[in-house]
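S.K.: Handing you a structure now.
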Amino acid sequence: MKSQSPILPITNPSPSSSSSSSSLLSSSSNTAMTTTTTMLLQKTNDINLQSSHLFISTPVHADGERTNHEKTPLLSRTLSYTAAGTTAFGGGGGAGGHQQRRRRTASEESLFSIGDHSGGGGGGDGGQSLGQNVGHAAAQTYLVTRLCLSLLRYLGVGYRWITRFLALSCYAILLMPGFFQVGCYYFFSSQIRRGIVYGDQPRNRLDLYLPKNRNGKKPVVAFITGGAWIIGYKAWGSLLGQQLSERDVIVACIDYRNFPQGTISDMVEDASRGISYVFNNIAEFGGDPNKIYLMGQSAGAHIAACALVEQAIRESGGESVSWSVSQLKAYFGLSGGYNLFNLVDHFHSRGLYRSLFLSIMKGEHTLPQYSPEIMVRDPDNGNAVSLLPPVVLFHGIADYSIPSDSSKSFAETLNRLGAKAEVMLYEGKTHTDLFIQDPMRGGRDEMFEDLIRIIHADDEEALAKDVVAPPRRRMVPEFMLQWARSVSPF
């Protein structure tokens, strides 16, 4: 349902105007030539998208003709997390021309418009001096910073978030040699198909990592990246995509809407739509539709598990589905959380405050609906559990962001209900060790070797190649990896 807020007029009279402008909400009177322009700003509140619309009332001339002006919708009020503003490697989008647009708040857009017309000058960007360009850039930077701080205050961000942001900055700087190499691979490798559109919602894009060897059909991993449901982005899967493609596995890194652009239901919907695209189109890229694995990391593991269980429930109920859980070879969950009731207080103590987390999850009353462990316990979903593919959960025992007990509890529940589940625990490994530091360390990566062994379990030739595969080269010096581990906020 939409609720309409009052329409506010913003009038910009011309020096020569002698009468008030006409309004789009009332008929214009037949007066002498009117040169005043009235802009009507209206905010539309919608469950899925908040936006503001700018209506421009055009001048009416003496002959009754109205000058044509475009009715311009302002961009979404939500601040979407885009590659251009957040990746450690630079902007996103890639050569395919599907670069994500930065969304700005309505107030930001209005202030930008005012800033562009104030200062006199006239003319386009090409006529501005260097000083004007620098001043304009500084004004925009100040405005964006102020808006970000306002958003942080709205989200209830305090001391813990500030300290974790500083720790994250140090962490990223220490691992920058590795991020730079991964970024170069992501933007310049001919093996990556970036920004493939899989749906009609914002950020419905995915990246495909293709092996150099194109002979025969390849196994496929549909991967949902993590990011605390707030800062997820498909490029975060670049390192895993590179590793798996080197072992003749196709990887599809699926992007999805983050909070506040969307809530958990939007994220699960996007993930399911992306998985459907992989099932229906991967054969065109050399993938084997009969060897598709679903995988998620951290928040992505939770989103992928929700999509998996929801799809199984629909399928068991006889609903029409665009992809089938029975087609999946397995589900891989890396450092994920599957019972939100057990994690709310833990996340709060780590800086993901209860109010913010419950906003992401659409309130406390929906936690059972988005807790896969609780969903499978429901007796009404017994048939759905029987449809689930084998589940393999990877978790570091030293993970303090999402304790390893989360994976152990989910696996125990699945096994008790008759599903097939396994937990693989790694001594001394933190939340980011398994996904970032260990791959950047080079050599043999224990978790990755376990993963590829499962994927190639029924392919003796591939297993033989894995045995003799050269170890990966080191990307970051050991002392920098250790420092990064010590300051990591995860």
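Letters A, B, ... go to the chains of the structure tokens in the order shown; residues in each chain start at 1; ligands are counted from 1 in the same order.
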Using only C-alpha atoms, determine which residues lie at most 7 Å from range 424-437 of chain A, disregarding the query and same-chain residues fewer than 3 positions distant; provide the list as a PyMOL selection string.

M.R.: chain A and resi 335+393-401+440-441+447+481+490

S.K.: What would the file look like if the residues just selected were written as a tab-separated table (two decimals), in the first residue's frame with all heavy atoms?

M.R.:
chain	number	residue	atom	x	y	z
A	335	SER	N	30.61	-20.62	7.25
A	335	SER	CA	30.55	-19.66	8.37
A	335	SER	C	29.20	-18.98	8.46
A	335	SER	O	29.11	-17.75	8.64
A	335	SER	CB	31.66	-18.60	8.21
A	335	SER	OG	32.92	-19.20	8.06
A	393	LEU	N	28.48	-28.11	5.92
A	393	LEU	CA	28.71	-26.83	6.57
A	393	LEU	C	30.17	-26.72	7.01
A	393	LEU	O	30.67	-27.58	7.74
A	393	LEU	CB	27.78	-26.69	7.78
A	393	LEU	CG	26.28	-26.90	7.49
A	393	LEU	CD1	25.47	-26.81	8.78
A	393	LEU	CD2	25.78	-25.89	6.47
A	394	PHE	N	30.83	-25.67	6.55
A	394	PHE	CA	32.23	-25.41	6.89
A	394	PHE	C	32.26	-24.27	7.92
A	394	PHE	O	31.59	-23.25	7.75
A	394	PHE	CB	33.03	-24.97	5.65
A	394	PHE	CG	32.95	-25.94	4.50
A	394	PHE	CD1	31.98	-25.79	3.51
A	394	PHE	CD2	33.85	-26.98	4.37
A	394	PHE	CE1	31.91	-26.66	2.44
A	394	PHE	CE2	33.79	-27.86	3.30
A	394	PHE	CZ	32.81	-27.70	2.33
A	395	HIS	N	33.07	-24.43	8.97
A	395	HIS	CA	33.10	-23.39	10.00
A	395	HIS	C	34.42	-23.43	10.76
A	395	HIS	O	34.94	-24.50	11.07
A	395	HIS	CB	31.95	-23.58	10.99
A	395	HIS	CG	31.29	-22.30	11.38
A	395	HIS	ND1	29.95	-22.05	11.19
A	395	HIS	CD2	31.80	-21.17	11.95
A	395	HIS	CE1	29.65	-20.84	11.62
A	395	HIS	NE2	30.76	-20.29	12.10
A	396	GLY	N	34.96	-22.25	11.05
A	396	GLY	CA	36.15	-22.14	11.88
A	396	GLY	C	35.76	-22.14	13.35
A	396	GLY	O	34.82	-21.45	13.75
A	397	ILE	N	36.49	-22.88	14.16
A	397	ILE	CA	36.17	-22.97	15.59
A	397	ILE	C	36.44	-21.64	16.29
A	397	ILE	O	35.79	-21.30	17.28
A	397	ILE	CB	36.97	-24.11	16.23
A	397	ILE	CG1	36.51	-25.46	15.66
A	397	ILE	CG2	36.81	-24.12	17.75
A	397	ILE	CD1	37.26	-26.65	16.18
A	398	ALA	N	37.40	-20.84	15.78
A	398	ALA	CA	37.72	-19.55	16.39
A	398	ALA	C	36.91	-18.41	15.78
A	398	ALA	O	37.30	-17.24	15.87
A	398	ALA	CB	39.22	-19.27	16.24
A	399	ASP	N	35.78	-18.73	15.17
A	399	ASP	CA	34.91	-17.72	14.57
A	399	ASP	C	34.10	-17.06	15.67
A	399	ASP	O	33.27	-17.70	16.31
A	399	ASP	CB	33.99	-18.39	13.54
A	399	ASP	CG	33.18	-17.39	12.73
A	399	ASP	OD1	32.99	-16.25	13.20
A	399	ASP	OD2	32.75	-17.74	11.61
A	400	TYR	N	34.33	-15.75	15.89
A	400	TYR	CA	33.59	-15.03	16.92
A	400	TYR	C	32.46	-14.19	16.33
A	400	TYR	O	31.63	-13.67	17.08
A	400	TYR	CB	34.55	-14.13	17.71
A	400	TYR	CG	35.67	-14.90	18.36
A	400	TYR	CD1	36.97	-14.78	17.92
A	400	TYR	CD2	35.40	-15.78	19.41
A	400	TYR	CE1	38.00	-15.52	18.50
A	400	TYR	CE2	36.41	-16.51	20.01
A	400	TYR	CZ	37.72	-16.38	19.54
A	400	TYR	OH	38.72	-17.11	20.12
A	401	SER	N	32.42	-14.03	15.01
A	401	SER	CA	31.32	-13.30	14.39
A	401	SER	C	30.05	-14.15	14.40
A	401	SER	O	28.97	-13.68	14.77
A	401	SER	CB	31.69	-12.91	12.96
A	401	SER	OG	32.74	-11.98	12.94
A	440	MET	N	44.75	-16.12	0.42
A	440	MET	CA	45.81	-15.15	0.09
A	440	MET	C	47.18	-15.63	0.57
A	440	MET	O	48.20	-15.15	0.10
A	440	MET	CB	45.49	-13.80	0.72
A	440	MET	CG	44.38	-13.04	0.02
A	440	MET	SD	44.21	-11.36	0.65
A	440	MET	CE	42.94	-10.71	-0.46
A	441	ARG	N	47.17	-16.58	1.51
A	441	ARG	CA	48.45	-17.10	2.02
A	441	ARG	C	49.15	-17.97	0.98
A	441	ARG	O	50.37	-18.11	1.00
A	441	ARG	CB	48.19	-17.89	3.31
A	441	ARG	CG	49.43	-18.47	3.94
A	441	ARG	CD	49.14	-19.06	5.30
A	441	ARG	NE	48.99	-18.02	6.30
A	441	ARG	CZ	47.84	-17.66	6.86
A	441	ARG	NH1	46.72	-18.30	6.52
A	441	ARG	NH2	47.79	-16.70	7.76
A	447	MET	N	40.41	-25.87	3.69
A	447	MET	CA	38.98	-25.80	3.42
A	447	MET	C	38.68	-25.92	1.93
A	447	MET	O	37.77	-26.64	1.52
A	447	MET	CB	38.39	-24.49	3.97
A	447	MET	CG	36.86	-24.44	3.98
A	447	MET	SD	36.09	-24.07	2.37
A	447	MET	CE	36.63	-22.39	2.08
A	481	LEU	N	49.41	-10.66	6.95
A	481	LEU	CA	48.25	-11.50	7.21
A	481	LEU	C	47.99	-11.64	8.71
A	481	LEU	O	46.84	-11.61	9.16
A	481	LEU	CB	48.45	-12.89	6.59
A	481	LEU	CG	48.38	-12.98	5.07
A	481	LEU	CD1	48.82	-14.36	4.60
A	481	LEU	CD2	46.97	-12.68	4.57
A	490	PHE	N	35.91	-8.89	12.32
A	490	PHE	CA	34.99	-10.02	12.12
A	490	PHE	C	35.30	-11.16	13.09
A	490	PHE	O	36.43	-11.36	13.46
A	490	PHE	CB	35.09	-10.53	10.68
A	490	PHE	CG	34.83	-9.46	9.66
A	490	PHE	CD1	35.87	-8.93	8.93
A	490	PHE	CD2	33.55	-8.97	9.45
A	490	PHE	CE1	35.64	-7.95	7.98
A	490	PHE	CE2	33.32	-7.98	8.51
A	490	PHE	CZ	34.37	-7.46	7.78

S.K.: Which residues come within 10 Å of Ile224 in chain A, counting only C-alpha atoms, excluding same-chain residues fewer than 4 positions away, as a PyMOL selection string?

M.R.: chain A and resi 206+232-234+236-237+252-256+271+274-275+294-304+333

S.K.: Need the shell around Ile374 in chain A: protein/DNA/RNA residues with any atom at most 10 Å away, counting only C-alpha atoms. Skip same-chain ones fewer than 3 positions apart. Format as a list in words?

M.R.: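 Those residues are Tyr338, Asn339, Leu340, Phe341, Leu367, Pro368, Gln369, Tyr370, Ser371, Arg377, Asp378, Phe410 and Thr413 of chain A.
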
S.K.: Mind writing the picked residues with all heavy atoms as an mmCIF file, in the first residue's frame?

M.R.:
data_model
loop_
_atom_site.group_PDB
_atom_site.id
_atom_site.type_symbol
_atom_site.label_atom_id
_atom_site.label_comp_id
_atom_site.auth_asym_id
_atom_site.auth_seq_id
_atom_site.Cartn_x
_atom_site.Cartn_y
_atom_site.Cartn_z
ATOM 1 N N TYR A 338 22.092 -20.037 11.182
ATOM 2 C CA TYR A 338 20.859 -20.653 10.685
ATOM 3 C C TYR A 338 19.705 -20.611 11.693
ATOM 4 O O TYR A 338 18.611 -21.032 11.361
ATOM 5 C CB TYR A 338 21.152 -22.101 10.268
ATOM 6 C CG TYR A 338 22.356 -22.202 9.363
ATOM 7 C CD1 TYR A 338 23.607 -22.569 9.871
ATOM 8 C CD2 TYR A 338 22.264 -21.882 8.012
ATOM 9 C CE1 TYR A 338 24.720 -22.632 9.047
ATOM 10 C CE2 TYR A 338 23.373 -21.932 7.186
ATOM 11 C CZ TYR A 338 24.610 -22.308 7.709
ATOM 12 O OH TYR A 338 25.711 -22.361 6.898
ATOM 13 N N ASN A 339 19.968 -20.103 12.896
ATOM 14 C CA ASN A 339 18.914 -19.917 13.896
ATOM 15 C C ASN A 339 19.070 -18.511 14.452
ATOM 16 O O ASN A 339 19.908 -18.252 15.321
ATOM 17 C CB ASN A 339 19.023 -20.955 15.020
ATOM 18 C CG ASN A 339 17.833 -20.890 15.970
ATOM 19 O OD1 ASN A 339 17.195 -19.855 16.132
ATOM 20 N ND2 ASN A 339 17.543 -22.013 16.616
ATOM 21 N N LEU A 340 18.257 -17.588 13.957
ATOM 22 C CA LEU A 340 18.431 -16.180 14.286
ATOM 23 C C LEU A 340 18.120 -15.880 15.743
ATOM 24 O O LEU A 340 18.670 -14.933 16.318
ATOM 25 C CB LEU A 340 17.558 -15.324 13.374
ATOM 26 C CG LEU A 340 17.854 -15.456 11.868
ATOM 27 C CD1 LEU A 340 16.987 -14.491 11.075
ATOM 28 C CD2 LEU A 340 19.329 -15.196 11.574
ATOM 29 N N PHE A 341 17.247 -16.652 16.360
ATOM 30 C CA PHE A 341 16.944 -16.428 17.773
ATOM 31 C C PHE A 341 18.204 -16.566 18.629
ATOM 32 O O PHE A 341 18.371 -15.866 19.625
ATOM 33 C CB PHE A 341 15.880 -17.415 18.257
ATOM 34 C CG PHE A 341 14.477 -17.016 17.893
ATOM 35 C CD1 PHE A 341 13.802 -17.694 16.897
ATOM 36 C CD2 PHE A 341 13.843 -15.961 18.532
ATOM 37 C CE1 PHE A 341 12.501 -17.332 16.549
ATOM 38 C CE2 PHE A 341 12.549 -15.591 18.190
ATOM 39 C CZ PHE A 341 11.879 -16.276 17.200
ATOM 40 N N LEU A 367 11.370 -13.834 12.666
ATOM 41 C CA LEU A 367 12.608 -14.593 12.845
ATOM 42 C C LEU A 367 12.433 -16.087 12.579
ATOM 43 O O LEU A 367 13.317 -16.706 11.963
ATOM 44 C CB LEU A 367 13.177 -14.357 14.251
ATOM 45 C CG LEU A 367 13.697 -12.942 14.545
ATOM 46 C CD1 LEU A 367 14.318 -12.885 15.933
ATOM 47 C CD2 LEU A 367 14.699 -12.487 13.493
ATOM 48 N N PRO A 368 11.322 -16.718 13.013
ATOM 49 C CA PRO A 368 11.168 -18.140 12.672
ATOM 50 C C PRO A 368 11.097 -18.378 11.164
ATOM 51 O O PRO A 368 11.610 -19.383 10.669
ATOM 52 C CB PRO A 368 9.846 -18.520 13.354
ATOM 53 C CG PRO A 368 9.656 -17.511 14.424
ATOM 54 C CD PRO A 368 10.245 -16.245 13.893
ATOM 55 N N GLN A 369 10.489 -17.453 10.436
ATOM 56 C CA GLN A 369 10.334 -17.603 8.991
ATOM 57 C C GLN A 369 11.664 -17.529 8.271
ATOM 58 O O GLN A 369 11.821 -18.098 7.187
ATOM 59 C CB GLN A 369 9.401 -16.507 8.476
ATOM 60 C CG GLN A 369 9.120 -16.559 6.980
ATOM 61 C CD GLN A 369 8.222 -15.420 6.530
ATOM 62 O OE1 GLN A 369 7.642 -14.706 7.359
ATOM 63 N NE2 GLN A 369 8.101 -15.237 5.228
ATOM 64 N N TYR A 370 12.638 -16.828 8.863
ATOM 65 C CA TYR A 370 13.944 -16.687 8.223
ATOM 66 C C TYR A 370 15.059 -17.346 9.046
ATOM 67 O O TYR A 370 16.209 -16.920 8.988
ATOM 68 C CB TYR A 370 14.238 -15.206 7.978
ATOM 69 C CG TYR A 370 13.249 -14.600 7.005
ATOM 70 C CD1 TYR A 370 12.247 -13.741 7.437
ATOM 71 C CD2 TYR A 370 13.279 -14.945 5.658
ATOM 72 C CE1 TYR A 370 11.319 -13.213 6.547
ATOM 73 C CE2 TYR A 370 12.363 -14.428 4.756
ATOM 74 C CZ TYR A 370 11.387 -13.567 5.210
ATOM 75 O OH TYR A 370 10.468 -13.065 4.331
ATOM 76 N N SER A 371 14.685 -18.368 9.791
ATOM 77 C CA SER A 371 15.654 -19.205 10.498
ATOM 78 C C SER A 371 15.532 -20.619 9.936
ATOM 79 O O SER A 371 14.615 -21.367 10.316
ATOM 80 C CB SER A 371 15.379 -19.212 12.007
ATOM 81 O OG SER A 371 15.581 -17.937 12.574
ATOM 82 N N ARG A 377 12.203 -27.648 11.431
ATOM 83 C CA ARG A 377 11.624 -28.326 12.599
ATOM 84 C C ARG A 377 10.098 -28.379 12.538
ATOM 85 O O ARG A 377 9.484 -29.209 13.219
ATOM 86 C CB ARG A 377 12.036 -27.605 13.882
ATOM 87 C CG ARG A 377 13.485 -27.780 14.289
ATOM 88 C CD ARG A 377 13.735 -26.961 15.543
ATOM 89 N NE ARG A 377 15.132 -26.948 15.934
ATOM 90 C CZ ARG A 377 15.614 -26.142 16.868
ATOM 91 N NH1 ARG A 377 14.800 -25.298 17.493
ATOM 92 N NH2 ARG A 377 16.894 -26.163 17.176
ATOM 93 N N ASP A 378 9.511 -27.477 11.779
ATOM 94 C CA ASP A 378 8.054 -27.415 11.688
ATOM 95 C C ASP A 378 7.519 -28.732 11.137
ATOM 96 O O ASP A 378 7.891 -29.145 10.037
ATOM 97 C CB ASP A 378 7.650 -26.253 10.774
ATOM 98 C CG ASP A 378 6.157 -25.989 10.792
ATOM 99 O OD1 ASP A 378 5.378 -26.903 11.150
ATOM 100 O OD2 ASP A 378 5.758 -24.859 10.439
ATOM 101 N N PHE A 410 22.567 -26.765 13.368
ATOM 102 C CA PHE A 410 21.770 -26.940 12.149
ATOM 103 C C PHE A 410 21.971 -28.334 11.571
ATOM 104 O O PHE A 410 21.012 -29.014 11.172
ATOM 105 C CB PHE A 410 22.161 -25.872 11.133
ATOM 106 C CG PHE A 410 21.296 -25.830 9.900
ATOM 107 C CD1 PHE A 410 19.938 -26.102 9.963
ATOM 108 C CD2 PHE A 410 21.838 -25.498 8.667
ATOM 109 C CE1 PHE A 410 19.135 -26.044 8.824
ATOM 110 C CE2 PHE A 410 21.052 -25.437 7.529
ATOM 111 C CZ PHE A 410 19.695 -25.722 7.607
ATOM 112 N N THR A 413 20.173 -30.930 13.674
ATOM 113 C CA THR A 413 18.734 -30.877 13.432
ATOM 114 C C THR A 413 18.371 -31.579 12.128
ATOM 115 O O THR A 413 17.409 -32.369 12.066
ATOM 116 C CB THR A 413 18.249 -29.418 13.395
ATOM 117 O OG1 THR A 413 18.512 -28.799 14.658
ATOM 118 C CG2 THR A 413 16.765 -29.334 13.087
#

S.K.: Hey, what's within 6 Å of range 181-193 of chain A if we count only C-alpha atoms and toss same-chain stuff fewer than 4 positions away? As a count of residues only, please?

M.R.: 5

S.K.: Quick one: residues within 10 Å of Ile282 in chain A, only C-alpha atoms counted, chain neighbours fewer than 4 positions away excluded, as a list in words?

M.R.: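 The residues that qualify are Leu208, Lys217, Lys218, Pro219, Val220, Ile250, Ala252, Ser276, Tyr277, Val278, Gly286, Gly287, Asp288, Pro289 and Ile292 of chain A.
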
S.K.: Store the residues of this selection in a file with N, CA and C atoms, as a CSV table (one decimal), in the first residue's frame.

M.R.:
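Generated output (again37.csv):
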chain,number,residue,atom,x,y,z
A,208,LEU,N,30.0,-14.4,-13.8
A,208,LEU,CA,30.4,-15.8,-14.1
A,208,LEU,C,31.9,-16.0,-14.2
A,217,LYS,N,31.3,-30.5,-20.2
A,217,LYS,CA,30.5,-29.7,-19.3
A,217,LYS,C,31.2,-29.7,-17.9
A,218,LYS,N,31.0,-28.5,-17.3
A,218,LYS,CA,31.7,-28.3,-16.0
A,218,LYS,C,30.7,-28.2,-14.9
A,219,PRO,N,31.2,-28.7,-13.7
A,219,PRO,CA,30.3,-28.5,-12.5
A,219,PRO,C,30.2,-27.0,-12.2
A,220,VAL,N,29.1,-26.6,-11.5
A,220,VAL,CA,28.8,-25.2,-11.3
A,220,VAL,C,28.5,-24.9,-9.8
A,250,ILE,N,32.8,-23.8,-12.8
A,250,ILE,CA,32.2,-22.5,-13.1
A,250,ILE,C,31.6,-22.0,-11.8
A,252,ALA,N,29.1,-18.9,-10.3
A,252,ALA,CA,28.2,-17.8,-10.5
A,252,ALA,C,28.0,-17.0,-9.2
A,276,SER,N,17.7,-19.6,-10.1
A,276,SER,CA,16.9,-20.0,-11.2
A,276,SER,C,17.5,-19.7,-12.5
A,277,TYR,N,18.1,-18.5,-12.6
A,277,TYR,CA,18.8,-18.1,-13.9
A,277,TYR,C,20.0,-19.1,-14.1
A,278,VAL,N,20.7,-19.4,-13.1
A,278,VAL,CA,21.8,-20.4,-13.3
A,278,VAL,C,21.3,-21.7,-13.8
A,286,GLY,N,28.7,-23.5,-20.9
A,286,GLY,CA,29.5,-24.7,-20.7
A,286,GLY,C,29.3,-25.4,-19.4
A,287,GLY,N,28.3,-25.0,-18.6
A,287,GLY,CA,28.0,-25.7,-17.3
A,287,GLY,C,27.1,-26.9,-17.4
A,288,ASP,N,27.3,-27.8,-16.5
A,288,ASP,CA,26.4,-29.0,-16.5
A,288,ASP,C,25.2,-28.8,-15.6
A,289,PRO,N,24.0,-28.7,-16.1
A,289,PRO,CA,22.8,-28.4,-15.3
A,289,PRO,C,22.6,-29.5,-14.2
A,292,ILE,N,25.0,-28.8,-10.3
A,292,ILE,CA,25.0,-27.5,-9.7
A,292,ILE,C,25.0,-27.6,-8.2

S.K.: I'd like the neighbourhood of Gln201 in chain A as a ChimeraX atom specification, where a residue qualifies if any of its atoms comes within 12 Å (using only C-alpha atoms), though same-chain residues fewer than 5 positions away should be ignored.

M.R.: /A:48-49,100,255-258,261-262,266-267,269-271,273-274

S.K.: Contacts of Lys362 in chain A at 8 Å or less, counting only C-alpha atoms, minus same-chain residues fewer than 3 places along, as a PDB file with N, CA, C and O atoms, in the first residue's frame?

M.R.:
ATOM      1  N   THR A 263      14.863  -5.658   2.476  1.00  0.00           N
ATOM      2  CA  THR A 263      14.911  -6.429   3.714  1.00  0.00           C
ATOM      3  C   THR A 263      15.221  -7.886   3.374  1.00  0.00           C
ATOM      4  O   THR A 263      15.461  -8.225   2.213  1.00  0.00           O
ATOM      5  N   ILE A 264      15.185  -8.742   4.372  1.00  0.00           N
ATOM      6  CA  ILE A 264      15.592 -10.130   4.170  1.00  0.00           C
ATOM      7  C   ILE A 264      14.728 -10.823   3.113  1.00  0.00           C
ATOM      8  O   ILE A 264      15.231 -11.645   2.335  1.00  0.00           O
ATOM      9  N   LEU A 358      16.779  -6.398  13.648  1.00  0.00           N
ATOM     10  CA  LEU A 358      15.361  -6.712  13.507  1.00  0.00           C
ATOM     11  C   LEU A 358      14.726  -5.936  12.362  1.00  0.00           C
ATOM     12  O   LEU A 358      13.769  -6.406  11.745  1.00  0.00           O
ATOM     13  N   SER A 359      15.252  -4.752  12.066  1.00  0.00           N
ATOM     14  CA  SER A 359      14.767  -4.022  10.893  1.00  0.00           C
ATOM     15  C   SER A 359      15.115  -4.774   9.619  1.00  0.00           C
ATOM     16  O   SER A 359      14.306  -4.854   8.683  1.00  0.00           O
ATOM     17  N   HIS A 365       8.891 -10.947  14.949  1.00  0.00           N
ATOM     18  CA  HIS A 365       7.879 -11.968  14.667  1.00  0.00           C
ATOM     19  C   HIS A 365       8.204 -12.789  13.427  1.00  0.00           C
ATOM     20  O   HIS A 365       7.640 -13.864  13.226  1.00  0.00           O
ATOM     21  N   THR A 366       9.111 -12.298  12.568  1.00  0.00           N
ATOM     22  CA  THR A 366       9.467 -13.039  11.346  1.00  0.00           C
ATOM     23  C   THR A 366      10.732 -13.877  11.507  1.00  0.00           C
ATOM     24  O   THR A 366      11.141 -14.551  10.556  1.00  0.00           O
TER      25      THR A 366
END

S.K.: Can you list, as a ChimeraX atom specification, all residues belonging to range 224-350 of chain A that DSSP tags as strand (DSSP E or B)?

M.R.: /A:224,250-254,287-297,328-334
